[in-house]
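**Student:** Structure supplied as target_13.cif; contents: mmCIF, C-alpha atoms.
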data_coords
#
loop_
_atom_site.label_atom_id
_atom_site.label_comp_id
_atom_site.auth_asym_id
_atom_site.auth_seq_id
_atom_site.Cartn_x
_atom_site.Cartn_y
_atom_site.Cartn_z
CA ASN A 1 107.25 108.54 81.44
CA LYS A 2 107.76 105.19 83.13
CA MET A 3 106.42 103.77 86.39
CA GLU A 4 109.84 104.16 88.07
CA ASN A 5 109.58 107.95 87.77
CA PHE A 6 106.30 107.95 89.63
CA LYS A 7 106.16 110.11 92.79
CA GLY A 8 106.63 108.16 96.03
CA ILE A 9 107.40 104.87 94.28
CA LYS A 10 109.85 102.36 95.76
CA LYS A 11 111.73 99.85 93.64
CA ASN A 12 112.58 96.25 94.61
CA LYS A 13 110.88 96.61 97.98
CA SER A 14 110.61 93.71 100.41
CA ILE A 15 106.96 93.04 101.24
CA LEU A 16 107.71 91.06 104.42
CA ASP A 17 105.67 93.52 106.51
CA LEU A 18 102.85 93.83 103.97
CA ASN A 19 101.56 90.26 104.20
CA SER A 20 100.36 88.38 107.27
CA PHE A 21 102.10 85.15 106.17
CA LYS A 22 105.39 87.07 106.55
CA ILE A 23 106.69 85.82 103.19
CA ASN A 24 109.90 87.71 102.47
CA VAL A 25 109.70 88.41 98.75
CA LYS A 26 110.27 91.60 96.78
CA CYS A 27 108.06 93.50 94.37
CA ALA A 28 109.43 95.39 91.37
CA TYR A 29 107.47 98.54 92.29
CA TYR A 30 105.61 99.62 95.40
CA VAL A 31 103.20 102.60 95.39
CA PRO A 32 101.32 103.75 98.51
CA ILE A 33 97.97 105.40 97.67
CA HIS A 34 96.75 108.19 99.97
CA ASN A 35 94.08 109.78 97.74
CA VAL A 36 91.94 109.10 94.66
CA ASP A 37 93.97 111.39 92.38
CA GLN A 38 97.07 109.28 93.02
CA LEU A 39 95.11 106.13 92.18
CA LEU A 40 93.86 107.64 88.90
CA ALA A 41 97.42 108.71 88.04
CA VAL A 42 98.72 105.17 88.65
CA ALA A 43 95.91 103.83 86.45
CA ARG A 44 96.87 106.18 83.61
CA GLN A 45 100.50 105.11 83.96
CA LEU A 46 99.60 101.41 83.89
CA ILE A 47 97.54 101.91 80.73
CA GLN A 48 100.75 103.12 79.07
CA GLN A 49 102.60 100.02 80.29
CA PRO A 50 100.11 97.21 79.60
CA ASP A 51 102.73 94.47 80.10
CA LEU A 52 103.35 95.51 83.70
CA PRO A 53 101.22 93.41 86.11
CA TRP A 54 99.74 94.99 89.23
CA ILE A 55 97.96 93.91 92.38
CA VAL A 56 96.27 95.88 95.13
CA LEU A 57 97.10 95.20 98.78
CA GLY A 58 95.27 96.41 101.86
CA GLY A 59 96.15 94.55 105.04
CA GLY A 60 97.78 91.69 103.09
CA SER A 61 95.87 89.25 105.29
CA ASN A 62 94.32 87.15 102.52
CA VAL A 63 97.17 86.67 100.07
CA LEU A 64 100.00 84.19 99.57
CA PHE A 65 103.04 85.21 97.52
CA THR A 66 104.98 82.23 96.19
CA LYS A 67 107.86 84.25 94.73
CA ASP A 68 109.10 87.78 93.94
CA TYR A 69 106.39 89.85 92.29
CA PRO A 70 107.50 91.30 88.92
CA GLY A 71 104.95 94.13 88.87
CA VAL A 72 103.41 96.98 90.86
CA ILE A 73 101.97 96.60 94.34
CA ILE A 74 99.36 99.29 94.86
CA HIS A 75 99.05 99.73 98.62
CA MET A 76 95.65 101.18 99.54
CA LYS A 77 96.17 103.66 102.40
CA ILE A 78 93.12 105.92 102.07
CA LYS A 79 91.81 106.04 105.64
CA GLY A 80 88.94 107.60 107.58
CA VAL A 81 85.47 106.83 108.91
CA GLU A 82 82.76 109.48 108.98
CA THR A 83 79.03 109.65 109.56
CA LEU A 84 77.37 110.56 106.26
CA LYS A 85 73.76 110.76 107.40
CA GLU A 86 71.49 109.50 110.10
CA ASP A 87 67.80 109.26 110.92
CA GLU A 88 65.75 107.90 113.84
CA GLU A 89 66.73 104.29 113.16
CA THR A 90 69.87 104.15 111.02
CA VAL A 91 73.31 105.70 110.49
CA CYS A 92 75.31 105.64 107.24
CA LEU A 93 79.10 105.55 107.55
CA CYS A 94 81.55 106.33 104.76
CA CYS A 95 84.86 104.49 105.16
CA GLY A 96 88.18 104.80 103.31
CA GLY A 97 89.34 101.67 101.46
CA GLY A 98 92.60 101.54 103.44
CA GLU A 99 90.97 101.83 106.86
CA PRO A 100 91.46 98.63 108.91
CA TRP A 101 88.09 96.84 108.97
CA ASP A 102 88.30 96.21 112.70
CA SER A 103 88.63 99.93 113.43
CA VAL A 104 85.31 100.49 111.59
CA VAL A 105 83.75 97.81 113.81
CA SER A 106 85.16 99.61 116.89
CA TYR A 107 83.81 102.96 115.63
CA ALA A 108 80.34 101.43 115.28
CA ILE A 109 80.43 99.63 118.64
CA GLN A 110 81.52 102.78 120.50
CA ARG A 111 78.45 104.52 119.09
CA GLY A 112 76.13 101.62 119.98
CA LEU A 113 75.40 100.79 116.34
CA TRP A 114 74.27 97.31 115.28
CA GLY A 115 75.01 95.43 112.04
CA ILE A 116 78.71 94.53 112.00
CA GLU A 117 79.32 93.41 115.59
CA ARG A 118 79.65 89.78 114.42
CA LEU A 119 82.36 90.78 111.94
CA THR A 120 84.71 91.77 114.73
CA ARG A 121 88.39 90.76 114.63
CA ILE A 122 88.35 90.02 110.92
CA PRO A 123 91.74 91.14 109.59
CA GLY A 124 92.21 93.27 106.49
CA THR A 125 90.95 96.61 105.22
CA VAL A 126 87.59 98.09 104.28
CA GLY A 127 88.39 97.81 100.55
CA ALA A 128 88.76 94.04 100.82
CA ALA A 129 85.48 93.53 102.71
CA PRO A 130 83.25 93.73 99.61
CA VAL A 131 85.69 91.78 97.43
CA GLN A 132 85.47 88.74 99.71
CA ASN A 133 82.04 89.60 101.11
CA ILE A 134 83.46 88.86 104.56
CA SER A 135 81.06 86.92 106.75
CA ALA A 136 80.88 85.39 110.21
CA TYR A 137 78.21 83.91 112.47
CA GLY A 138 75.32 84.64 110.12
CA THR A 139 76.28 88.20 109.13
CA SER A 140 77.76 89.10 105.75
CA PHE A 141 79.26 92.41 104.66
CA SER A 142 76.61 92.51 101.90
CA ASP A 143 73.91 92.86 104.61
CA VAL A 144 75.14 96.38 105.44
CA MET A 145 76.75 97.75 102.28
CA VAL A 146 74.92 100.56 100.50
CA SER A 147 77.45 101.48 97.81
CA LEU A 148 81.12 101.79 97.02
CA GLU A 149 83.46 103.87 94.89
CA ALA A 150 86.31 102.45 92.86
CA VAL A 151 88.72 103.29 90.09
CA ASP A 152 88.62 101.07 87.04
CA MET A 153 92.32 100.66 86.32
CA SER A 154 91.71 99.48 82.75
CA ASN A 155 90.45 102.91 81.66
CA ALA A 156 91.29 105.23 84.60
CA THR A 157 87.67 106.11 85.35
CA SER A 158 85.81 106.55 88.63
CA GLN A 159 83.03 104.03 89.27
CA PHE A 160 80.06 104.03 91.63
CA LEU A 161 78.54 100.64 92.45
CA THR A 162 75.42 99.84 94.45
CA ASN A 163 74.97 96.70 96.55
CA THR A 164 73.14 94.98 93.65
CA ASP A 165 75.92 95.87 91.18
CA CYS A 166 78.36 93.82 93.28
CA SER A 167 76.59 90.43 92.71
CA PHE A 168 77.36 89.27 96.24
CA GLY A 169 77.37 85.57 97.10
CA TYR A 170 78.84 83.38 99.86
CA ARG A 171 82.32 84.88 100.41
CA THR A 172 82.34 86.21 96.86
CA SER A 173 81.42 89.20 94.70
CA ILE A 174 81.77 90.49 91.15
CA PHE A 175 85.33 91.56 92.07
CA LYS A 176 86.27 87.96 92.78
CA MET A 177 84.27 86.36 89.98
CA GLU A 178 85.50 88.52 87.11
CA GLU A 179 88.51 86.85 85.51
CA ASN A 180 90.59 90.04 85.44
CA ASN A 181 89.03 92.37 87.95
CA SER A 182 90.32 95.85 87.19
CA LYS A 183 88.47 97.79 89.89
CA VAL A 184 90.28 99.13 92.97
CA ILE A 185 87.87 100.07 95.77
CA HIS A 186 88.75 103.26 97.64
CA SER A 187 85.56 104.13 99.55
CA VAL A 188 82.64 102.15 100.97
CA THR A 189 79.33 103.29 102.48
CA ILE A 190 77.56 101.05 105.00
CA LYS A 191 74.23 101.41 106.80
CA LEU A 192 73.94 100.41 110.46
CA ASN A 193 71.04 100.29 112.93
CA LYS A 194 70.56 102.07 116.24
CA THR A 195 68.82 99.01 117.71
CA SER A 196 69.15 95.26 117.12
CA LYS A 197 66.96 93.75 114.41
CA LEU A 198 66.89 90.47 116.36
CA ASN A 199 65.47 89.93 119.83
CA PHE A 200 67.61 88.38 122.58
CA ARG A 201 66.41 84.84 121.90
CA GLU A 202 67.06 85.13 118.15
CA ILE A 203 70.56 86.46 118.82
CA LEU A 204 71.36 83.43 120.99
CA ARG A 205 69.87 81.00 118.46
CA THR A 206 72.02 82.30 115.61
CA LEU A 207 75.38 82.00 117.39
CA PRO A 208 77.68 79.00 117.99
CA SER A 209 77.16 77.49 121.46
CA PRO A 210 80.52 78.66 122.94
CA ILE A 211 79.37 82.24 122.29
CA SER A 212 75.67 81.92 123.17
CA GLY A 213 76.65 79.98 126.32
CA VAL A 214 78.55 83.00 127.66
CA LEU A 215 75.56 85.25 126.96
CA LEU A 216 72.94 82.99 128.58
CA GLN A 217 73.32 84.54 132.03
CA GLU A 218 72.50 87.98 130.59
CA GLU A 219 68.96 89.32 130.39
CA SER A 220 69.61 91.29 127.24
CA VAL A 221 72.62 91.92 125.05
CA ARG A 222 74.31 95.23 124.42
CA VAL A 223 76.15 95.45 121.11
CA GLU A 224 79.44 96.07 122.92
CA LEU A 225 79.10 92.88 124.97
CA LEU A 226 78.15 90.73 121.98
CA SER A 227 81.11 92.03 120.01
CA ARG A 228 83.49 91.43 122.92
CA VAL A 229 82.33 87.82 123.43
CA ILE A 230 82.74 87.12 119.68
CA ALA A 231 86.20 88.73 119.72
CA ASP A 232 87.26 86.53 122.66
CA TYR A 233 86.00 83.43 120.88
CA ARG A 234 87.88 84.31 117.69
CA ARG A 235 91.04 85.06 119.67
CA MET A 236 90.82 81.60 121.18
CA ARG A 237 90.03 79.91 117.85
CA TYR A 238 92.43 81.57 115.41
CA PRO A 239 96.18 81.93 115.95
CA ASP A 240 97.56 85.47 116.17
CA PRO A 241 99.35 86.22 112.85
CA ASP A 242 102.03 88.18 114.74
CA VAL A 243 102.93 85.02 116.64
CA ARG A 244 102.16 82.33 114.05
CA PRO A 245 102.08 84.00 110.62
CA ASN A 246 98.83 83.00 108.86
CA ALA A 247 96.04 84.35 106.69
CA GLY A 248 93.04 83.04 108.63
CA CYS A 249 91.03 80.30 106.94
CA PHE A 250 92.91 79.14 103.85
CA PHE A 251 89.91 77.26 102.41
CA LEU A 252 86.25 78.14 101.96
CA ASN A 253 83.57 75.94 103.47
CA ALA A 254 82.49 73.53 100.72
CA VAL A 255 79.02 73.77 99.18
CA ILE A 256 78.05 70.33 97.87
CA PRO A 257 74.88 68.60 96.57
CA THR A 258 72.68 67.59 99.52
CA ASN A 259 72.57 63.94 98.42
CA GLN A 260 76.40 63.82 98.50
CA CYS A 261 76.29 65.27 102.03
CA THR A 262 73.75 62.62 103.10
CA ARG A 263 76.09 59.92 101.73
CA ILE A 264 79.09 61.25 103.70
CA LYS A 265 76.92 61.62 106.84
CA SER A 266 75.83 57.97 106.67
CA GLU A 267 79.46 57.01 107.25
CA HIS A 268 80.43 60.04 109.36
CA PRO A 269 77.41 61.12 111.43
CA ASP A 270 79.43 63.88 113.14
CA LEU A 271 79.96 65.82 109.88
CA VAL A 272 79.20 69.50 110.52
CA SER A 273 76.82 70.84 107.86
CA GLN A 274 74.10 73.39 107.18
CA SER A 275 71.49 73.34 104.43
CA THR A 276 71.55 76.29 102.04
CA GLY A 277 68.01 75.51 100.93
CA SER A 278 68.68 75.11 97.19
CA GLY A 279 69.48 71.43 96.89
CA THR A 280 72.97 72.11 98.23
CA THR A 281 74.51 71.90 101.70
CA LYS A 282 77.41 73.82 103.18
CA VAL A 283 79.82 71.49 104.96
CA SER A 284 82.59 72.44 107.37
CA SER A 285 85.89 72.28 105.49
CA GLY A 286 87.64 72.40 108.85
CA TRP A 287 85.88 69.17 109.80
CA LEU A 288 86.90 67.56 106.47
CA VAL A 289 90.57 68.53 106.90
CA GLU A 290 90.68 67.47 110.55
CA SER A 291 88.96 64.15 109.75
CA CYS A 292 91.78 63.42 107.29
CA GLY A 293 94.13 63.62 110.28
CA LEU A 294 95.91 66.68 108.91
CA LYS A 295 95.77 68.99 111.94
CA GLY A 296 99.31 69.93 112.98
CA ARG A 297 100.87 68.38 109.83
CA ARG A 298 104.09 69.99 108.56
CA LEU A 299 105.71 70.24 105.16
CA GLY A 300 109.08 71.92 105.55
CA LEU A 301 108.35 75.29 107.16
CA ALA A 302 104.66 75.21 106.23
CA GLY A 303 102.24 73.77 108.74
CA ILE A 304 98.56 73.21 109.40
CA ASP A 305 97.69 74.84 112.71
CA SER A 306 97.42 72.43 115.63
CA GLU A 307 94.17 74.05 116.81
CA HIS A 308 92.35 74.85 113.56
CA GLY A 309 92.48 72.66 110.44
CA LEU A 310 91.72 75.48 107.97
CA VAL A 311 94.59 77.70 109.09
CA LEU A 312 97.99 77.32 107.43
CA VAL A 313 100.99 78.72 109.31
CA ASN A 314 104.39 79.88 108.02
CA HIS A 315 106.82 78.61 110.68
CA GLY A 316 109.72 80.17 108.73
CA ARG A 317 108.48 83.71 109.52
CA GLY A 318 110.27 85.22 106.51
CA ARG A 319 113.72 83.94 107.41
CA CYS A 320 114.09 81.38 104.62
CA LYS A 321 113.70 81.13 100.86
CA GLY A 322 110.76 79.25 99.38
CA GLU A 323 108.32 79.61 102.28
CA GLY A 324 105.48 80.69 99.99
CA GLU A 325 106.03 77.73 97.68
CA GLN A 326 106.00 75.33 100.63
CA LEU A 327 102.69 76.74 101.87
CA TYR A 328 101.22 76.41 98.38
CA LYS A 329 102.43 72.79 98.17
CA LEU A 330 100.93 72.00 101.55
CA ALA A 331 97.59 73.61 100.58
CA THR A 332 97.53 71.55 97.38
CA MET A 333 98.28 68.39 99.36
CA VAL A 334 95.35 69.15 101.70
CA LYS A 335 93.04 69.61 98.70
CA GLU A 336 94.12 66.28 97.20
CA LYS A 337 93.71 64.41 100.49
CA VAL A 338 90.18 65.76 101.11
CA LYS A 339 89.17 64.99 97.52
CA GLU A 340 90.53 61.46 97.78
CA THR A 341 88.91 60.80 101.20
CA PHE A 342 85.50 62.47 100.82
CA GLY A 343 85.16 63.30 97.11
CA VAL A 344 84.83 67.00 97.99
CA SER A 345 86.82 69.69 96.13
CA LEU A 346 87.98 72.47 98.45
CA GLU A 347 88.45 75.99 97.14
CA PHE A 348 91.15 78.39 98.30
CA GLU A 349 89.86 81.43 100.14
CA VAL A 350 93.33 83.01 100.10
CA THR A 351 94.49 84.64 96.86
CA ILE A 352 97.60 82.92 95.50
CA VAL A 353 100.08 85.15 93.66
CA MET A 354 102.18 82.82 91.51
#
Please re-express this file's structure in structure tokens.
**Tutor:**
Amino acid sequence: NKMENFKGIKKNKSILDLNSFKINVKCAYYVPIHNVDQLLAVARQLIQQPDLPWIVLGGGSNVLFTKDYPGVIIHMKIKGVETLKEDEETVCLCCGGGEPWDSVVSYAIQRGLWGIERLTRIPGTVGAAPVQNISAYGTSFSDVMVSLEAVDMSNATSQFLTNTDCSFGYRTSIFKMEENNSKVIHSVTIKLNKTSKLNFREILRTLPSPISGVLLQEESVRVELLSRVIADYRRMRYPDPDVRPNAGCFFLNAVIPTNQCTRIKSEHPDLVSQSTGSGTTKVSSGWLVESCGLKGRRLGLAGIDSEHGLVLVNHGRGRCKGEGEQLYKLATMVKEKVKETFGVSLEFEVTIVM
């Protein structure tokens, strides 16, 4: 019984609409997943066909395909957000892996819950949030996650992982660190608060000045207002993927030894950096790229956004062959230029499917 006989499967499907870069490539097999039983069945099938590669897609907002994919795309479509339990101070929400992350943020905001308001307007699905440990403005997904459920595709078993099991780090987790991660996340439980853990002054202090500046005239901050101001700022800062196809920040901020940072700062006092407190310093990769004069640079149909140095844009919009390869070439060129200029090695945040 081969994968092509699987219920609901599509063969040689274009994935133009399944990735925010709008790369028009095909996959050999496409399987939408609407429940856990389907996922387990796909796992059992893949065990019988060990030579068939597979990848899981949610929103497709953090992936770059460079060519047709010869395997199975497992499209996580398990949706839903529900309140699991609540007490005087907290509420636990259980969210399906295929639920858009931003709709979970909206659900929380509408109920006046605190904890993920800074993670507003981050593209992608719930299932990807723990993989990348999404973070923004001092909040990380790991701050709110209680547990998750996944299927281990290597042996078709259900897995339950706690926050500690996930080995979260800056924009990373066990799912990213393991060489061949075989776990597909289908459900996540998060714990939110009914009131803010920070007072008004602390909230202002922990936000970038364009955001805190807008809030200064307020006497206190409701969660809905804070989320809206952050959303407006992100809208202004990051190009809309529907207009300029992109996958958000292509590179991670670089974490380098503090003495190296001091050396760069002596020549470039305006370098944007933040100590991590362990002999290393996080430096703004956007600043590094922009200081190399790369903002707005083009390579064929691939471009660096004119407003934000970390965002790569596909100007071809799926109309031409080789768009993914051009973006990959451009990203590699950026890496080389930053390394040559500052001695800093940038890491891709986007997953490259070669």
**Student:** Skipping near chain neighbours, those fewer than 3 positions away, what residues fall within 10 Å of range 301-303 of chain A using all atoms listed in the file, listed as an NGL selection string?
**Tutor:** :A and (246 or 294-298 or 306 or 309 or 311-317 or 320 or 322-331)
**Student:** May I have a table of the residues of range 23-67 of chain A lying at most 12 Å from range 240-245 of chain A, giving each one's closest pair of atoms and their distance in Å to one decimal, counting only C-alpha atoms, ordered by chain and ascending residue number, as CSV?
**Tutor:**
residue,atom,partner,partner_atom,distance
A:Ile23,CA,A:Pro245,CA,8.9
A:Asn24,CA,A:Pro245,CA,11.9
A:Gly59,CA,A:Pro241,CA,11.9
A:Gly60,CA,A:Pro241,CA,11.3
A:Ser61,CA,A:Pro241,CA,8.9
A:Asn62,CA,A:Pro241,CA,11.5
A:Val63,CA,A:Pro245,CA,11.9
A:Leu64,CA,A:Pro245,CA,11.2
**Student:** Work out how far CA of Gly248 in chain A is from CA of Ser285 in chain A, in Å to one decimal.
**Tutor:**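 Computed distance, CA of Ser285 in chain A to CA of Gly248 in chain A, equals 13.3 Å.
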**Student:** Between A:Gln274, A:Ser284, A:Ser103, A:Asn193, which has the minimum distance to Val338 in chain A (counting all atoms listed in the file)?
**Tutor:** A:Ser284
**Student:** Taking (84.7, 81.5, 122.8) in the file's coordinates as the center, which residues reach within 6 Å of it, counting all atoms listed in the file, put as a PDB file with C-alpha atoms, keeping the file's coordinate frame?
**Tutor:**
ATOM      1  CA  PRO A 210      80.520  78.660 122.940  1.00  0.00           C
ATOM      2  CA  ILE A 211      79.370  82.240 122.290  1.00  0.00           C
ATOM      3  CA  ASP A 232      87.260  86.530 122.660  1.00  0.00           C
ATOM      4  CA  TYR A 233      86.000  83.430 120.880  1.00  0.00           C
TER       5      TYR A 233
END
**Student:** So what do you get for CA of Ile109 in chain A versus CA of Thr172 in chain A, distance-wise?
**Tutor:**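 Distance between the two atoms: 25.7 Å.
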**Student:** Assuming the chain letters and numbering stay as they are in my file, what does the PyMOL selection byres ((chain A and resi 292) around 8) actually select? List them as a short mmCIF file (atom, residue, chain, number, x, y, z; two decimals) with C-alpha atoms, keeping the file's coordinate frame.
**Tutor:**
data_model
loop_
_atom_site.label_atom_id
_atom_site.label_comp_id
_atom_site.auth_asym_id
_atom_site.auth_seq_id
_atom_site.Cartn_x
_atom_site.Cartn_y
_atom_site.Cartn_z
CA LEU A 288 86.90 67.56 106.47
CA VAL A 289 90.57 68.53 106.90
CA GLU A 290 90.68 67.47 110.55
CA SER A 291 88.96 64.15 109.75
CA GLY A 293 94.13 63.62 110.28
CA LEU A 294 95.91 66.68 108.91
CA LYS A 337 93.71 64.41 100.49
CA VAL A 338 90.18 65.76 101.11
CA THR A 341 88.91 60.80 101.20
#
**Student:** Can you list, as a PyMOL selection string, every protein, DNA or RNA residue that comes within 7 Å of Gly138 in chain A when you count only C-alpha atoms, leaving out same-chain residues fewer than 2 positions away?
**Tutor:** chain A and resi 136+140+206
**Student:** Mind giving me the straight-line distance from CA of Asn199 in chain A to CA of Glu88 in chain A in Å, one decimal?
**Tutor:**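 Computed distance, CA of Asn199 in chain A to CA of Glu88 in chain A, equals 18.9 Å.
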**Student:** Apply the PyMOL selection byres ((chain A and resi 6-10) around 9) to the displayed file and report the matching residues as a PDB file with C-alpha atoms, in the coordinates of the input.
**Tutor:**
ATOM      1  CA  ASN A   1     107.250 108.540  81.440  1.00  0.00           C
ATOM      2  CA  LYS A   2     107.760 105.190  83.130  1.00  0.00           C
ATOM      3  CA  MET A   3     106.420 103.770  86.390  1.00  0.00           C
ATOM      4  CA  GLU A   4     109.840 104.160  88.070  1.00  0.00           C
ATOM      5  CA  ASN A   5     109.580 107.950  87.770  1.00  0.00           C
ATOM      6  CA  LYS A  11     111.730  99.850  93.640  1.00  0.00           C
ATOM      7  CA  ASN A  12     112.580  96.250  94.610  1.00  0.00           C
ATOM      8  CA  LYS A  13     110.880  96.610  97.980  1.00  0.00           C
ATOM      9  CA  ALA A  28     109.430  95.390  91.370  1.00  0.00           C
ATOM     10  CA  TYR A  29     107.470  98.540  92.290  1.00  0.00           C
ATOM     11  CA  TYR A  30     105.610  99.620  95.400  1.00  0.00           C
ATOM     12  CA  VAL A  31     103.200 102.600  95.390  1.00  0.00           C
ATOM     13  CA  PRO A  32     101.320 103.750  98.510  1.00  0.00           C
ATOM     14  CA  VAL A  42      98.720 105.170  88.650  1.00  0.00           C
ATOM     15  CA  GLN A  45     100.500 105.110  83.960  1.00  0.00           C
TER      16      GLN A  45
END
**Student:** Using all atoms listed in the file, which of A:Gly300, A:Leu225, A:Asn259, A:Lys265 sits nearest Ser278 in chain A?
**Tutor:**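 Looking at the shortest contact to Ser278 in chain A, the residue is A:Asn259.
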**Student:** Under the PyMOL selection byres ((chain A and resi 143) around 12), which residues of this model are included? Write them out as a VMD selection string.
**Tutor:** chain A and resid 114 to 116 118 to 119 129 to 130 133 to 136 138 to 142 144 to 147 163 to 164 168 to 170 189 to 193
**Student:** Starting from the structure just given, write a file holding range 86-93 of chain A with all heavy atoms, as a PDB file, in the first residue's frame.
**Tutor:**
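Wrote result-v1.pdb, looks like this:
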ATOM      1  N   GLU A  86      -9.248  27.298  34.210  1.00  0.00           N
ATOM      2  CA  GLU A  86      -8.893  28.639  34.672  1.00  0.00           C
ATOM      3  C   GLU A  86      -9.050  28.732  36.177  1.00  0.00           C
ATOM      4  O   GLU A  86      -9.807  27.985  36.791  1.00  0.00           O
ATOM      5  CB  GLU A  86      -9.705  29.707  33.943  1.00  0.00           C
ATOM      6  CG  GLU A  86     -11.128  29.896  34.324  1.00  0.00           C
ATOM      7  CD  GLU A  86     -11.749  31.080  33.544  1.00  0.00           C
ATOM      8  OE1 GLU A  86     -11.553  32.227  33.992  1.00  0.00           O
ATOM      9  OE2 GLU A  86     -12.413  30.839  32.525  1.00  0.00           O
ATOM     10  N   ASP A  87      -8.261  29.641  36.780  1.00  0.00           N
ATOM     11  CA  ASP A  87      -8.425  29.931  38.203  1.00  0.00           C
ATOM     12  C   ASP A  87      -8.507  31.439  38.370  1.00  0.00           C
ATOM     13  O   ASP A  87      -8.718  32.163  37.390  1.00  0.00           O
ATOM     14  CB  ASP A  87      -7.283  29.306  39.028  1.00  0.00           C
ATOM     15  CG  ASP A  87      -5.910  29.775  38.569  1.00  0.00           C
ATOM     16  OD1 ASP A  87      -5.797  30.922  38.097  1.00  0.00           O
ATOM     17  OD2 ASP A  87      -4.934  29.006  38.702  1.00  0.00           O
ATOM     18  N   GLU A  88      -8.310  31.924  39.586  1.00  0.00           N
ATOM     19  CA  GLU A  88      -8.413  33.369  39.846  1.00  0.00           C
ATOM     20  C   GLU A  88      -7.486  34.198  38.952  1.00  0.00           C
ATOM     21  O   GLU A  88      -7.834  35.283  38.515  1.00  0.00           O
ATOM     22  CB  GLU A  88      -8.016  33.639  41.303  1.00  0.00           C
ATOM     23  CG  GLU A  88      -9.131  34.228  42.139  1.00  0.00           C
ATOM     24  CD  GLU A  88      -9.933  33.184  42.904  1.00  0.00           C
ATOM     25  OE1 GLU A  88     -10.785  32.487  42.286  1.00  0.00           O
ATOM     26  OE2 GLU A  88      -9.696  33.069  44.105  1.00  0.00           O
ATOM     27  N   GLU A  89      -6.265  33.664  38.729  1.00  0.00           N
ATOM     28  CA  GLU A  89      -5.229  34.476  38.084  1.00  0.00           C
ATOM     29  C   GLU A  89      -4.893  34.076  36.652  1.00  0.00           C
ATOM     30  O   GLU A  89      -4.413  34.896  35.875  1.00  0.00           O
ATOM     31  CB  GLU A  89      -3.945  34.416  38.919  1.00  0.00           C
ATOM     32  CG  GLU A  89      -4.084  35.122  40.248  1.00  0.00           C
ATOM     33  CD  GLU A  89      -2.983  34.777  41.236  1.00  0.00           C
ATOM     34  OE1 GLU A  89      -1.995  34.126  40.821  1.00  0.00           O
ATOM     35  OE2 GLU A  89      -3.115  35.148  42.407  1.00  0.00           O
ATOM     36  N   THR A  90      -5.097  32.793  36.315  1.00  0.00           N
ATOM     37  CA  THR A  90      -4.604  32.310  35.019  1.00  0.00           C
ATOM     38  C   THR A  90      -5.661  31.554  34.224  1.00  0.00           C
ATOM     39  O   THR A  90      -6.666  31.106  34.777  1.00  0.00           O
ATOM     40  CB  THR A  90      -3.389  31.357  35.214  1.00  0.00           C
ATOM     41  OG1 THR A  90      -3.839  30.211  35.949  1.00  0.00           O
ATOM     42  CG2 THR A  90      -2.252  32.033  35.943  1.00  0.00           C
ATOM     43  N   VAL A  91      -5.401  31.419  32.929  1.00  0.00           N
ATOM     44  CA  VAL A  91      -6.262  30.639  32.030  1.00  0.00           C
ATOM     45  C   VAL A  91      -5.357  29.786  31.149  1.00  0.00           C
ATOM     46  O   VAL A  91      -4.365  30.280  30.602  1.00  0.00           O
ATOM     47  CB  VAL A  91      -7.108  31.570  31.125  1.00  0.00           C
ATOM     48  CG1 VAL A  91      -7.909  30.762  30.120  1.00  0.00           C
ATOM     49  CG2 VAL A  91      -8.046  32.427  31.962  1.00  0.00           C
ATOM     50  N   CYS A  92      -5.664  28.501  31.021  1.00  0.00           N
ATOM     51  CA  CYS A  92      -4.915  27.631  30.107  1.00  0.00           C
ATOM     52  C   CYS A  92      -5.718  27.418  28.830  1.00  0.00           C
ATOM     53  O   CYS A  92      -6.897  27.052  28.881  1.00  0.00           O
ATOM     54  CB  CYS A  92      -4.644  26.275  30.756  1.00  0.00           C
ATOM     55  SG  CYS A  92      -3.300  26.347  31.941  1.00  0.00           S
ATOM     56  N   LEU A  93      -5.063  27.655  27.690  1.00  0.00           N
ATOM     57  CA  LEU A  93      -5.709  27.452  26.394  1.00  0.00           C
ATOM     58  C   LEU A  93      -5.059  26.275  25.682  1.00  0.00           C
ATOM     59  O   LEU A  93      -3.831  26.137  25.676  1.00  0.00           O
ATOM     60  CB  LEU A  93      -5.551  28.696  25.507  1.00  0.00           C
ATOM     61  CG  LEU A  93      -6.066  30.034  26.020  1.00  0.00           C
ATOM     62  CD1 LEU A  93      -5.809  31.124  24.980  1.00  0.00           C
ATOM     63  CD2 LEU A  93      -7.560  29.961  26.358  1.00  0.00           C
TER      64      LEU A  93
END
